[in-house]
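*Asks:* After the structure tokens below, expect a handful of questions from me.
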Amino acid sequence: MPLDAADGSPPRVIVHADMDAFYASVEQLDDPALRGRPLLIGGPVERGVVATASYEARPYGVGSAMPMALALRRIPHAVVLRPRFERYKEVSRQVMAVFATFAPEVESLSLDEAFLDASTTADRFAGPAALGRALKDAVRAATGGLTVSVGVSATKFVAKVASDFHKPDGLTIVPPGEARAFLAPLSVSRLWGAGPKTAARIEALGLRTIGQVAAADDTTLAPLGRLGPHFRDLARALDPRPVVSHREPKSIGWERTLTTDVRGRAAIEPILETAADEVARRLQRKGRLAGGARVKLKSADFRITTRQCALTAPTDAAPPLLAAARRLLDGFELEQPYRLVGLTGYDLVPARAPVQLPLFPRI
Ligand SMILES: [Mg+2]
């Protein structure tokens, strides 16, 4: 290409990448005995649902969100496993790290799915198909064999529909000039944001395909209110929404405004103890270690003072955070009244070592 946007804005290269039967594929990767067998990942047989079915299970009409008991009636010989989310998160980090080498903006939608804005990196490749193949190869190499389905177009909606088009292990390129024709024959239930109820409302207007929605006039769409023009824009492949990365936080903190002002070390330290516990808990939840600690005090007359120091080793534990905070108190004028006490961990690093990526060929 380049993929010129239909609305005249600068060309964008939007990639939607979606791992194939992710939980089941990870289990099959880790245990070769499971390969080629129908596999159901999910809750207990009596009351659980299927989270992911392997592709071997799908010909039996089994899929996500189906009650496990029903799925097993359809495939009595299926292997049932409870999900191992820690492992899936680990593989997800590998996959997202690969995505980040292809685009500066990566918007993850779940553990196994993301949008990439490759507009500024696409010229490394001979074209969008080469980009897509390189992405698929890099994911396979980094994970030891997992496949991802990839859609490439100029908008998020079309890229997302495209990635689903030839699953598993698919690669579908939709040049923007062909996007409307690509969408036209598809059911309105494919419109992004149209759940079963909304899809039924659209069909009740006599509109069964996305192409019919694209051609509908205002009068026809009026019963849908503001959603009408929105879905018509999507149907016309007009979707200016940007890919937005979720930035990692630069710091994780806890602070409290007190009901009565405090004064003196003996009054402030217990609050810092709570703060250290809270900050440690949040660091652990985010999988981050803090390389520095910062104490913040706000005086009764609203002046803010902070003191900070590097920690001897990055940590997500309360005791070293508290010890640093206690030392930092030496740098404050403690005999005046304070109305707010806070503690922040900064210079965050991942709790696990980053994944070492194999090199992949640039085309
Ligand atoms: Mg998936």
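Each chain in the structure tokens gets a letter, A, B, ..., in the order shown, and its residues are numbered from 1; ligands are numbered from 1 in order too.
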Within 7 Å of ligand 1 (counting only C-alpha atoms and all ligand atoms), which residues show up? I'd like them as a list in words.
*Replies:*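 For ligand 1, the residues inside 7 Å are Asp18, Met19, Asp20, Ala21, Phe22, Asp112 and Glu113 of chain A.
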*Asks:* Got a sec to tell me which of segment 96-316 of chain A DSSP assigns to helix (DSSP H, G or I), as a VMD selection string?
*Replies:* chain A and resid 96 to 100 122 to 124 128 to 143 156 to 163 176 to 183 188 to 190 196 to 203 210 to 215 218 to 224 227 to 235 265 to 286
*Asks:* Quick one: residues within 6 Å of segment 305-312 of chain A, only C-alpha atoms counted, chain neighbours fewer than 5 positions away excluded, as a PDB file with N, CA and C atoms, in the first residue's frame?
*Replies:*
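Contents of selection13.pdb, as written:
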```
ATOM      1  N   GLY A 291      12.433   1.309  42.553  1.00  0.00           N
ATOM      2  CA  GLY A 291      13.854   1.566  42.766  1.00  0.00           C
ATOM      3  C   GLY A 291      14.092   2.765  43.670  1.00  0.00           C
ATOM      4  N   GLY A 292      13.021   3.502  44.000  1.00  0.00           N
ATOM      5  CA  GLY A 292      13.161   4.660  44.872  1.00  0.00           C
ATOM      6  C   GLY A 292      11.903   4.880  45.677  1.00  0.00           C
ATOM      7  N   ALA A 293      12.043   5.621  46.774  1.00  0.00           N
ATOM      8  CA  ALA A 293      10.895   5.925  47.637  1.00  0.00           C
ATOM      9  C   ALA A 293      10.836   7.436  47.862  1.00  0.00           C
ATOM     10  N   ARG A 294       9.603   7.953  47.898  1.00  0.00           N
ATOM     11  CA  ARG A 294       9.410   9.390  48.064  1.00  0.00           C
ATOM     12  C   ARG A 294       8.325   9.617  49.116  1.00  0.00           C
ATOM     13  N   VAL A 295       8.662  10.455  50.091  1.00  0.00           N
ATOM     14  CA  VAL A 295       7.682  10.836  51.112  1.00  0.00           C
ATOM     15  C   VAL A 295       7.191  12.240  50.783  1.00  0.00           C
ATOM     16  N   LYS A 296       5.877  12.406  50.957  1.00  0.00           N
ATOM     17  CA  LYS A 296       5.277  13.717  50.693  1.00  0.00           C
ATOM     18  C   LYS A 296       4.470  14.118  51.916  1.00  0.00           C
ATOM     19  N   LEU A 297       4.690  15.328  52.379  1.00  0.00           N
ATOM     20  CA  LEU A 297       3.896  15.867  53.484  1.00  0.00           C
ATOM     21  C   LEU A 297       3.309  17.194  53.029  1.00  0.00           C
TER      22      LEU A 297
END
```
*Asks:* When you count only C-alpha atoms, which of these residues is closest to Arg256 of chain A: A:Ala324, A:Tyr23, A:Ile271, A:Phe182?
*Replies:*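 Using only C-alpha atoms, the shortest distance to Arg256 of chain A belongs to A:Ile271.
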*Asks:* What's around segment 192-209 of chain A at 9 Å? Count only C-alpha atoms, leave out sequence neighbours fewer than 4 positions away in its own chain, and write the answer as a ChimeraX atom specification.
*Replies:* /A:157,160-161,183-188,213-214,216,220-221,223-224,228,231,234
*Asks:* Okay, now the selection with N, CA and C atoms, as a PDB file, in the first residue's frame?
*Replies:*
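Saved the output as part.pdb:
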```pdb
ATOM      1  N   PHE A 157     -11.653  -1.014  13.278  1.00  0.00           N
ATOM      2  CA  PHE A 157     -12.787  -1.918  13.074  1.00  0.00           C
ATOM      3  C   PHE A 157     -12.506  -2.909  11.949  1.00  0.00           C
ATOM      4  N   LYS A 160      -9.919  -5.466  12.865  1.00  0.00           N
ATOM      5  CA  LYS A 160     -10.430  -6.478  13.811  1.00  0.00           C
ATOM      6  C   LYS A 160     -11.275  -7.524  13.088  1.00  0.00           C
ATOM      7  N   VAL A 161     -12.125  -7.068  12.195  1.00  0.00           N
ATOM      8  CA  VAL A 161     -12.912  -8.033  11.421  1.00  0.00           C
ATOM      9  C   VAL A 161     -11.978  -8.901  10.573  1.00  0.00           C
ATOM     10  N   LEU A 183     -16.577  -5.312   3.968  1.00  0.00           N
ATOM     11  CA  LEU A 183     -17.565  -5.363   5.051  1.00  0.00           C
ATOM     12  C   LEU A 183     -18.976  -5.655   4.550  1.00  0.00           C
ATOM     13  N   ALA A 184     -19.278  -5.223   3.338  1.00  0.00           N
ATOM     14  CA  ALA A 184     -20.665  -5.160   2.869  1.00  0.00           C
ATOM     15  C   ALA A 184     -21.468  -6.454   3.054  1.00  0.00           C
ATOM     16  N   PRO A 185     -20.933  -7.623   2.705  1.00  0.00           N
ATOM     17  CA  PRO A 185     -21.766  -8.829   2.816  1.00  0.00           C
ATOM     18  C   PRO A 185     -21.910  -9.368   4.233  1.00  0.00           C
ATOM     19  N   LEU A 186     -21.166  -8.805   5.180  1.00  0.00           N
ATOM     20  CA  LEU A 186     -21.153  -9.395   6.528  1.00  0.00           C
ATOM     21  C   LEU A 186     -22.419  -9.022   7.300  1.00  0.00           C
ATOM     22  N   SER A 187     -22.760  -9.896   8.238  1.00  0.00           N
ATOM     23  CA  SER A 187     -23.935  -9.677   9.084  1.00  0.00           C
ATOM     24  C   SER A 187     -23.743  -8.447   9.968  1.00  0.00           C
ATOM     25  N   VAL A 188     -24.843  -7.753  10.269  1.00  0.00           N
ATOM     26  CA  VAL A 188     -24.750  -6.575  11.141  1.00  0.00           C
ATOM     27  C   VAL A 188     -24.251  -6.948  12.534  1.00  0.00           C
ATOM     28  N   VAL A 213     -26.497  -1.267   5.979  1.00  0.00           N
ATOM     29  CA  VAL A 213     -26.364  -0.188   6.967  1.00  0.00           C
ATOM     30  C   VAL A 213     -25.594   0.979   6.342  1.00  0.00           C
ATOM     31  N   ALA A 214     -24.537   0.661   5.562  1.00  0.00           N
ATOM     32  CA  ALA A 214     -23.731   1.714   4.932  1.00  0.00           C
ATOM     33  C   ALA A 214     -24.575   2.570   3.997  1.00  0.00           C
ATOM     34  N   ALA A 216     -27.920   3.015   4.253  1.00  0.00           N
ATOM     35  CA  ALA A 216     -29.192   3.440   4.849  1.00  0.00           C
ATOM     36  C   ALA A 216     -29.241   4.959   4.993  1.00  0.00           C
ATOM     37  N   THR A 220     -34.299   5.925   7.879  1.00  0.00           N
ATOM     38  CA  THR A 220     -34.278   4.497   8.214  1.00  0.00           C
ATOM     39  C   THR A 220     -33.582   4.262   9.551  1.00  0.00           C
ATOM     40  N   LEU A 221     -32.498   5.008   9.787  1.00  0.00           N
ATOM     41  CA  LEU A 221     -31.682   4.770  10.974  1.00  0.00           C
ATOM     42  C   LEU A 221     -32.209   5.486  12.216  1.00  0.00           C
ATOM     43  N   PRO A 223     -34.627   5.290  14.334  1.00  0.00           N
ATOM     44  CA  PRO A 223     -34.965   4.589  15.583  1.00  0.00           C
ATOM     45  C   PRO A 223     -33.747   4.203  16.424  1.00  0.00           C
ATOM     46  N   LEU A 224     -32.564   4.199  15.828  1.00  0.00           N
ATOM     47  CA  LEU A 224     -31.367   3.829  16.586  1.00  0.00           C
ATOM     48  C   LEU A 224     -30.754   5.018  17.322  1.00  0.00           C
ATOM     49  N   GLY A 228     -27.212   5.171  15.228  1.00  0.00           N
ATOM     50  CA  GLY A 228     -27.444   4.984  13.796  1.00  0.00           C
ATOM     51  C   GLY A 228     -26.287   5.510  12.956  1.00  0.00           C
ATOM     52  N   PHE A 231     -22.972   3.557  13.617  1.00  0.00           N
ATOM     53  CA  PHE A 231     -22.834   2.266  12.937  1.00  0.00           C
ATOM     54  C   PHE A 231     -22.706   2.454  11.423  1.00  0.00           C
ATOM     55  N   LEU A 234     -19.126   3.167  10.767  1.00  0.00           N
ATOM     56  CA  LEU A 234     -18.346   1.921  10.825  1.00  0.00           C
ATOM     57  C   LEU A 234     -18.568   1.111   9.555  1.00  0.00           C
TER      58      LEU A 234
END
```
*Asks:* List the spatial neighbours of Val243 of chain A as a PyMOL selection string - criterion: any atom at most 9 Å away, only C-alpha atoms, same-chain residues fewer than 4 positions off excluded.
*Replies:* chain A and resi 14+105-107+115-117+156
*Asks:* Would you put the residues from that selection into a file with N, CA and C atoms, as a PDB file, in the first residue's frame?
*Replies:*
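The result, written out as out_12.pdb:
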```pdb
ATOM      1  N   ILE A  14      -3.093  -0.082  10.522  1.00  0.00           N
ATOM      2  CA  ILE A  14      -3.582  -0.611  11.792  1.00  0.00           C
ATOM      3  C   ILE A  14      -3.602  -2.134  11.695  1.00  0.00           C
ATOM      4  N   GLU A 105       2.885   2.082  19.118  1.00  0.00           N
ATOM      5  CA  GLU A 105       1.627   2.091  19.873  1.00  0.00           C
ATOM      6  C   GLU A 105       1.013   0.703  19.820  1.00  0.00           C
ATOM      7  N   VAL A 106       0.862   0.079  20.979  1.00  0.00           N
ATOM      8  CA  VAL A 106       0.235  -1.233  21.093  1.00  0.00           C
ATOM      9  C   VAL A 106      -0.863  -1.135  22.144  1.00  0.00           C
ATOM     10  N   GLU A 107      -2.086  -1.412  21.728  1.00  0.00           N
ATOM     11  CA  GLU A 107      -3.225  -1.326  22.644  1.00  0.00           C
ATOM     12  C   GLU A 107      -3.731  -2.742  22.905  1.00  0.00           C
ATOM     13  N   PHE A 115      -4.310  -4.216  19.290  1.00  0.00           N
ATOM     14  CA  PHE A 115      -4.146  -3.378  18.105  1.00  0.00           C
ATOM     15  C   PHE A 115      -2.735  -2.820  18.093  1.00  0.00           C
ATOM     16  N   LEU A 116      -2.160  -2.715  16.894  1.00  0.00           N
ATOM     17  CA  LEU A 116      -0.871  -2.059  16.715  1.00  0.00           C
ATOM     18  C   LEU A 116      -1.056  -0.954  15.692  1.00  0.00           C
ATOM     19  N   ASP A 117      -0.541   0.230  15.982  1.00  0.00           N
ATOM     20  CA  ASP A 117      -0.486   1.260  14.948  1.00  0.00           C
ATOM     21  C   ASP A 117       0.912   1.209  14.341  1.00  0.00           C
ATOM     22  N   LYS A 156      -9.311   0.527  12.918  1.00  0.00           N
ATOM     23  CA  LYS A 156      -9.368  -0.522  13.941  1.00  0.00           C
ATOM     24  C   LYS A 156     -10.486  -1.520  13.635  1.00  0.00           C
TER      25      LYS A 156
END
```
*Asks:* Find, counting only C-alpha atoms, the residue in A:Glu333, A:Asp218, A:Asp347, A:Glu278 that gets nearest to Pro319 of chain A.
*Replies:*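 Among A:Glu333, A:Asp218, A:Asp347, A:Glu278, it is A:Glu278 that comes nearest to Pro319 of chain A.
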*Asks:* Can you pull out the residues contacting segment 28-36 of chain A? Cut-off 12 Å, using only C-alpha atoms, and skip same-chain residues under 6 positions away; I want them as a list in words.
*Replies:*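 The contact residues come out as Asp20, Ala21, Phe22, Ala53, Ser54, Tyr55, Glu56, Ala57, Ala78, Val79, Val80, Leu81, Arg84, Arg87, Tyr88, Val91, Arg140, Thr143, Gly144, Gly145, Leu146 and Thr147 of chain A.
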*Asks:* Please, could you write that set of residues out with N, CA and C atoms as a PDB file, in the first residue's frame?
*Replies:*
```
ATOM      1  N   ASP A  20      -4.585 -17.545  18.474  1.00  0.00           N
ATOM      2  CA  ASP A  20      -5.586 -18.570  18.151  1.00  0.00           C
ATOM      3  C   ASP A  20      -5.804 -19.498  19.348  1.00  0.00           C
ATOM      4  N   ALA A  21      -7.067 -19.593  19.792  1.00  0.00           N
ATOM      5  CA  ALA A  21      -7.451 -20.494  20.912  1.00  0.00           C
ATOM      6  C   ALA A  21      -6.402 -20.431  22.020  1.00  0.00           C
ATOM      7  N   PHE A  22      -6.178 -19.229  22.525  1.00  0.00           N
ATOM      8  CA  PHE A  22      -4.955 -18.942  23.279  1.00  0.00           C
ATOM      9  C   PHE A  22      -4.711 -19.904  24.443  1.00  0.00           C
ATOM     10  N   ALA A  53     -11.913 -23.373  23.813  1.00  0.00           N
ATOM     11  CA  ALA A  53     -11.905 -24.728  23.255  1.00  0.00           C
ATOM     12  C   ALA A  53     -10.809 -24.785  22.209  1.00  0.00           C
ATOM     13  N   SER A  54     -10.059 -25.893  22.190  1.00  0.00           N
ATOM     14  CA  SER A  54      -9.040 -26.041  21.156  1.00  0.00           C
ATOM     15  C   SER A  54      -9.732 -26.219  19.802  1.00  0.00           C
ATOM     16  N   TYR A  55      -8.979 -26.002  18.728  1.00  0.00           N
ATOM     17  CA  TYR A  55      -9.604 -26.100  17.404  1.00  0.00           C
ATOM     18  C   TYR A  55     -10.117 -27.511  17.126  1.00  0.00           C
ATOM     19  N   GLU A  56      -9.522 -28.514  17.784  1.00  0.00           N
ATOM     20  CA  GLU A  56     -10.010 -29.882  17.593  1.00  0.00           C
ATOM     21  C   GLU A  56     -11.417 -30.060  18.170  1.00  0.00           C
ATOM     22  N   ALA A  57     -11.808 -29.183  19.114  1.00  0.00           N
ATOM     23  CA  ALA A  57     -13.143 -29.294  19.732  1.00  0.00           C
ATOM     24  C   ALA A  57     -14.195 -28.549  18.934  1.00  0.00           C
ATOM     25  N   ALA A  78     -13.365 -35.339  25.315  1.00  0.00           N
ATOM     26  CA  ALA A  78     -12.527 -34.137  25.416  1.00  0.00           C
ATOM     27  C   ALA A  78     -11.722 -34.164  26.710  1.00  0.00           C
ATOM     28  N   VAL A  79     -10.540 -33.552  26.657  1.00  0.00           N
ATOM     29  CA  VAL A  79      -9.736 -33.338  27.869  1.00  0.00           C
ATOM     30  C   VAL A  79     -10.164 -32.003  28.467  1.00  0.00           C
ATOM     31  N   VAL A  80     -10.446 -31.988  29.772  1.00  0.00           N
ATOM     32  CA  VAL A  80     -10.840 -30.751  30.449  1.00  0.00           C
ATOM     33  C   VAL A  80      -9.721 -30.321  31.391  1.00  0.00           C
ATOM     34  N   LEU A  81      -9.324 -29.077  31.272  1.00  0.00           N
ATOM     35  CA  LEU A  81      -8.287 -28.536  32.163  1.00  0.00           C
ATOM     36  C   LEU A  81      -8.771 -27.223  32.760  1.00  0.00           C
ATOM     37  N   ARG A  84      -4.671 -21.977  33.736  1.00  0.00           N
ATOM     38  CA  ARG A  84      -3.470 -21.610  34.498  1.00  0.00           C
ATOM     39  C   ARG A  84      -3.106 -20.173  34.116  1.00  0.00           C
ATOM     40  N   ARG A  87       0.491 -18.796  33.906  1.00  0.00           N
ATOM     41  CA  ARG A  87       1.224 -19.216  32.711  1.00  0.00           C
ATOM     42  C   ARG A  87       0.759 -18.420  31.481  1.00  0.00           C
ATOM     43  N   TYR A  88      -0.568 -18.210  31.356  1.00  0.00           N
ATOM     44  CA  TYR A  88      -1.066 -17.474  30.192  1.00  0.00           C
ATOM     45  C   TYR A  88      -0.545 -16.028  30.210  1.00  0.00           C
ATOM     46  N   VAL A  91       3.038 -16.027  28.955  1.00  0.00           N
ATOM     47  CA  VAL A  91       3.124 -16.097  27.497  1.00  0.00           C
ATOM     48  C   VAL A  91       2.619 -14.787  26.883  1.00  0.00           C
ATOM     49  N   ARG A 140       5.551 -16.771  16.617  1.00  0.00           N
ATOM     50  CA  ARG A 140       5.790 -18.218  16.644  1.00  0.00           C
ATOM     51  C   ARG A 140       7.169 -18.514  17.242  1.00  0.00           C
ATOM     52  N   THR A 143       7.392 -17.678  21.141  1.00  0.00           N
ATOM     53  CA  THR A 143       6.602 -18.523  22.043  1.00  0.00           C
ATOM     54  C   THR A 143       6.941 -19.995  21.877  1.00  0.00           C
ATOM     55  N   GLY A 144       7.703 -20.338  20.886  1.00  0.00           N
ATOM     56  CA  GLY A 144       8.001 -21.743  20.652  1.00  0.00           C
ATOM     57  C   GLY A 144       6.936 -22.457  19.861  1.00  0.00           C
ATOM     58  N   GLY A 145       6.072 -21.709  19.145  1.00  0.00           N
ATOM     59  CA  GLY A 145       5.170 -22.379  18.217  1.00  0.00           C
ATOM     60  C   GLY A 145       3.728 -21.908  18.197  1.00  0.00           C
ATOM     61  N   LEU A 146       3.385 -20.867  18.943  1.00  0.00           N
ATOM     62  CA  LEU A 146       1.985 -20.424  18.934  1.00  0.00           C
ATOM     63  C   LEU A 146       1.670 -19.619  17.682  1.00  0.00           C
ATOM     64  N   THR A 147       0.419 -19.745  17.222  1.00  0.00           N
ATOM     65  CA  THR A 147      -0.001 -19.004  16.034  1.00  0.00           C
ATOM     66  C   THR A 147      -0.906 -17.842  16.428  1.00  0.00           C
TER      67      THR A 147
END
```
*Asks:* Which is closer to Ser163 of chain A than all the others in A:Leu343, A:Ala276, A:Ala215, A:Ala17, using only C-alpha atoms?
*Replies:*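 For Ser163 of chain A, the nearest of the given residues is A:Ala17.
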*Asks:* Please identify which residues in segment 59-275 of chain A DSSP calls strand (DSSP E) from the backbone, and express them as JSON, numbers by chain.
*Replies:* {"A": [79, 80, 81, 105, 106, 107, 108, 109, 110, 113, 114, 115, 116, 117, 148, 149, 150, 151, 152, 153, 171, 172, 173, 251, 252, 253, 254, 255, 256, 257, 258, 259, 260, 261, 262]}
*Asks:* Choose the residue, out of A:Ile252, A:Leu334, A:Leu109, A:Val95, that has the smallest atom-to-atom separation from Asp137 of chain A; count only C-alpha atoms.
*Replies:*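 Ranked by minimum distance to Asp137 of chain A, first place goes to A:Val95.
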*Asks:* Have a look at atom CA of Pro350 of chain A and atom CA of Arg288 of chain A and let me know their distance in Å, one decimal.
*Replies:*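 Computed distance, atom CA of Pro350 of chain A to atom CA of Arg288 of chain A, equals 4.6 Å.
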*Asks:* For the atom pair atom CA of Phe102 of chain A and atom CA of Ser149 of chain A, what is the interatomic distance in Å to one decimal place?
*Replies:*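 Pair atom CA of Phe102 of chain A / atom CA of Ser149 of chain A returns 15.3 Å.
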*Asks:* Would you give me, as JSON lines, each residue of segment 101-156 of chain A having an atom within 10 Å of an atom of segment 173-180 of chain A, along with its shortest atom pair and that distance in Å to one decimal, using only C-alpha atoms and sorting by chain and residue number?
*Replies:*
```
{"residue": "A:Gly127", "atom": "CA", "partner": "A:Ile173", "partner_atom": "CA", "distance": 10.0}
{"residue": "A:Pro128", "atom": "CA", "partner": "A:Ile173", "partner_atom": "CA", "distance": 6.9}
{"residue": "A:Ala129", "atom": "CA", "partner": "A:Ile173", "partner_atom": "CA", "distance": 6.6}
{"residue": "A:Gly132", "atom": "CA", "partner": "A:Ile173", "partner_atom": "CA", "distance": 8.4}
{"residue": "A:Val150", "atom": "CA", "partner": "A:Ile173", "partner_atom": "CA", "distance": 8.4}
{"residue": "A:Gly151", "atom": "CA", "partner": "A:Ile173", "partner_atom": "CA", "distance": 5.9}
{"residue": "A:Val152", "atom": "CA", "partner": "A:Ile173", "partner_atom": "CA", "distance": 4.8}
{"residue": "A:Ser153", "atom": "CA", "partner": "A:Val174", "partner_atom": "CA", "distance": 5.0}
{"residue": "A:Ala154", "atom": "CA", "partner": "A:Pro176", "partner_atom": "CA", "distance": 5.8}
{"residue": "A:Thr155", "atom": "CA", "partner": "A:Pro176", "partner_atom": "CA", "distance": 8.2}
```
*Asks:* Please write the residues from the selection above to a file, keeping C-alpha atoms, as an mmCIF file, in the first residue's frame.
*Replies:*
```cif
data_model
loop_
_atom_site.group_PDB
_atom_site.id
_atom_site.type_symbol
_atom_site.label_atom_id
_atom_site.label_comp_id
_atom_site.auth_asym_id
_atom_site.auth_seq_id
_atom_site.Cartn_x
_atom_site.Cartn_y
_atom_site.Cartn_z
ATOM 1 C CA GLY A 127 4.079 -4.225 2.242
ATOM 2 C CA PRO A 128 1.361 -5.054 4.730
ATOM 3 C CA ALA A 129 1.416 -8.765 3.872
ATOM 4 C CA GLY A 132 1.854 -9.480 8.810
ATOM 5 C CA VAL A 150 -3.585 -10.987 11.908
ATOM 6 C CA GLY A 151 -5.713 -8.405 10.136
ATOM 7 C CA VAL A 152 -4.266 -5.274 8.539
ATOM 8 C CA SER A 153 -6.217 -2.270 7.306
ATOM 9 C CA ALA A 154 -6.430 1.484 7.838
ATOM 10 C CA THR A 155 -8.953 1.388 10.694
#
```
*Asks:* Report, in Å to a single decimal, how far apart atom CA of Ala290 of chain A and atom CA of Gly345 of chain A are.
*Replies:* 5.1 Å
*Asks:* Would you mind telling me which residue in A:Ala142, A:Glu27, A:Thr101, A:Tyr60 lies nearest to Phe85 of chain A when using only C-alpha atoms?
*Replies:* A:Glu27
*Asks:* Which neighbours of Thr120 of chain A fall inside 12 Å, counting only C-alpha atoms, when residues of the same chain fewer than 2 positions from it are skipped, and could you give them as a list in words?
*Replies:* Pro2, Pro10, Pro11, Arg12, Val13, Ile14, Phe102, Ala103, Pro104, Glu105, Leu116, Asp117, Ala118, Ala122, Asp123, Arg124 and Phe125 of chain A
*Asks:* Let me see the file: selected residues, C-alpha atoms, as a PDB file, in the first residue's frame.
*Replies:*
```pdb
ATOM      1  CA  PRO A   2       0.206   2.794   1.828  1.00  0.00           C
ATOM      2  CA  PRO A  10      -3.019  10.671   6.906  1.00  0.00           C
ATOM      3  CA  PRO A  11      -2.598   7.021   5.921  1.00  0.00           C
ATOM      4  CA  ARG A  12      -2.584   4.590   8.807  1.00  0.00           C
ATOM      5  CA  VAL A  13      -1.499   0.974   9.043  1.00  0.00           C
ATOM      6  CA  ILE A  14      -3.582  -0.611  11.792  1.00  0.00           C
ATOM      7  CA  PHE A 102       6.583  -3.841  15.439  1.00  0.00           C
ATOM      8  CA  ALA A 103       4.838  -0.649  16.484  1.00  0.00           C
ATOM      9  CA  PRO A 104       5.302   2.214  18.918  1.00  0.00           C
ATOM     10  CA  GLU A 105       1.627   2.091  19.873  1.00  0.00           C
ATOM     11  CA  LEU A 116      -0.871  -2.059  16.715  1.00  0.00           C
ATOM     12  CA  ASP A 117      -0.486   1.260  14.948  1.00  0.00           C
ATOM     13  CA  ALA A 118       2.293   0.367  12.533  1.00  0.00           C
ATOM     14  CA  ALA A 122       5.374  -0.273   8.069  1.00  0.00           C
ATOM     15  CA  ASP A 123       8.011   1.014   5.652  1.00  0.00           C
ATOM     16  CA  ARG A 124      10.468  -1.489   7.142  1.00  0.00           C
ATOM     17  CA  PHE A 125       8.510  -4.102   5.225  1.00  0.00           C
TER      18      PHE A 125
END
```
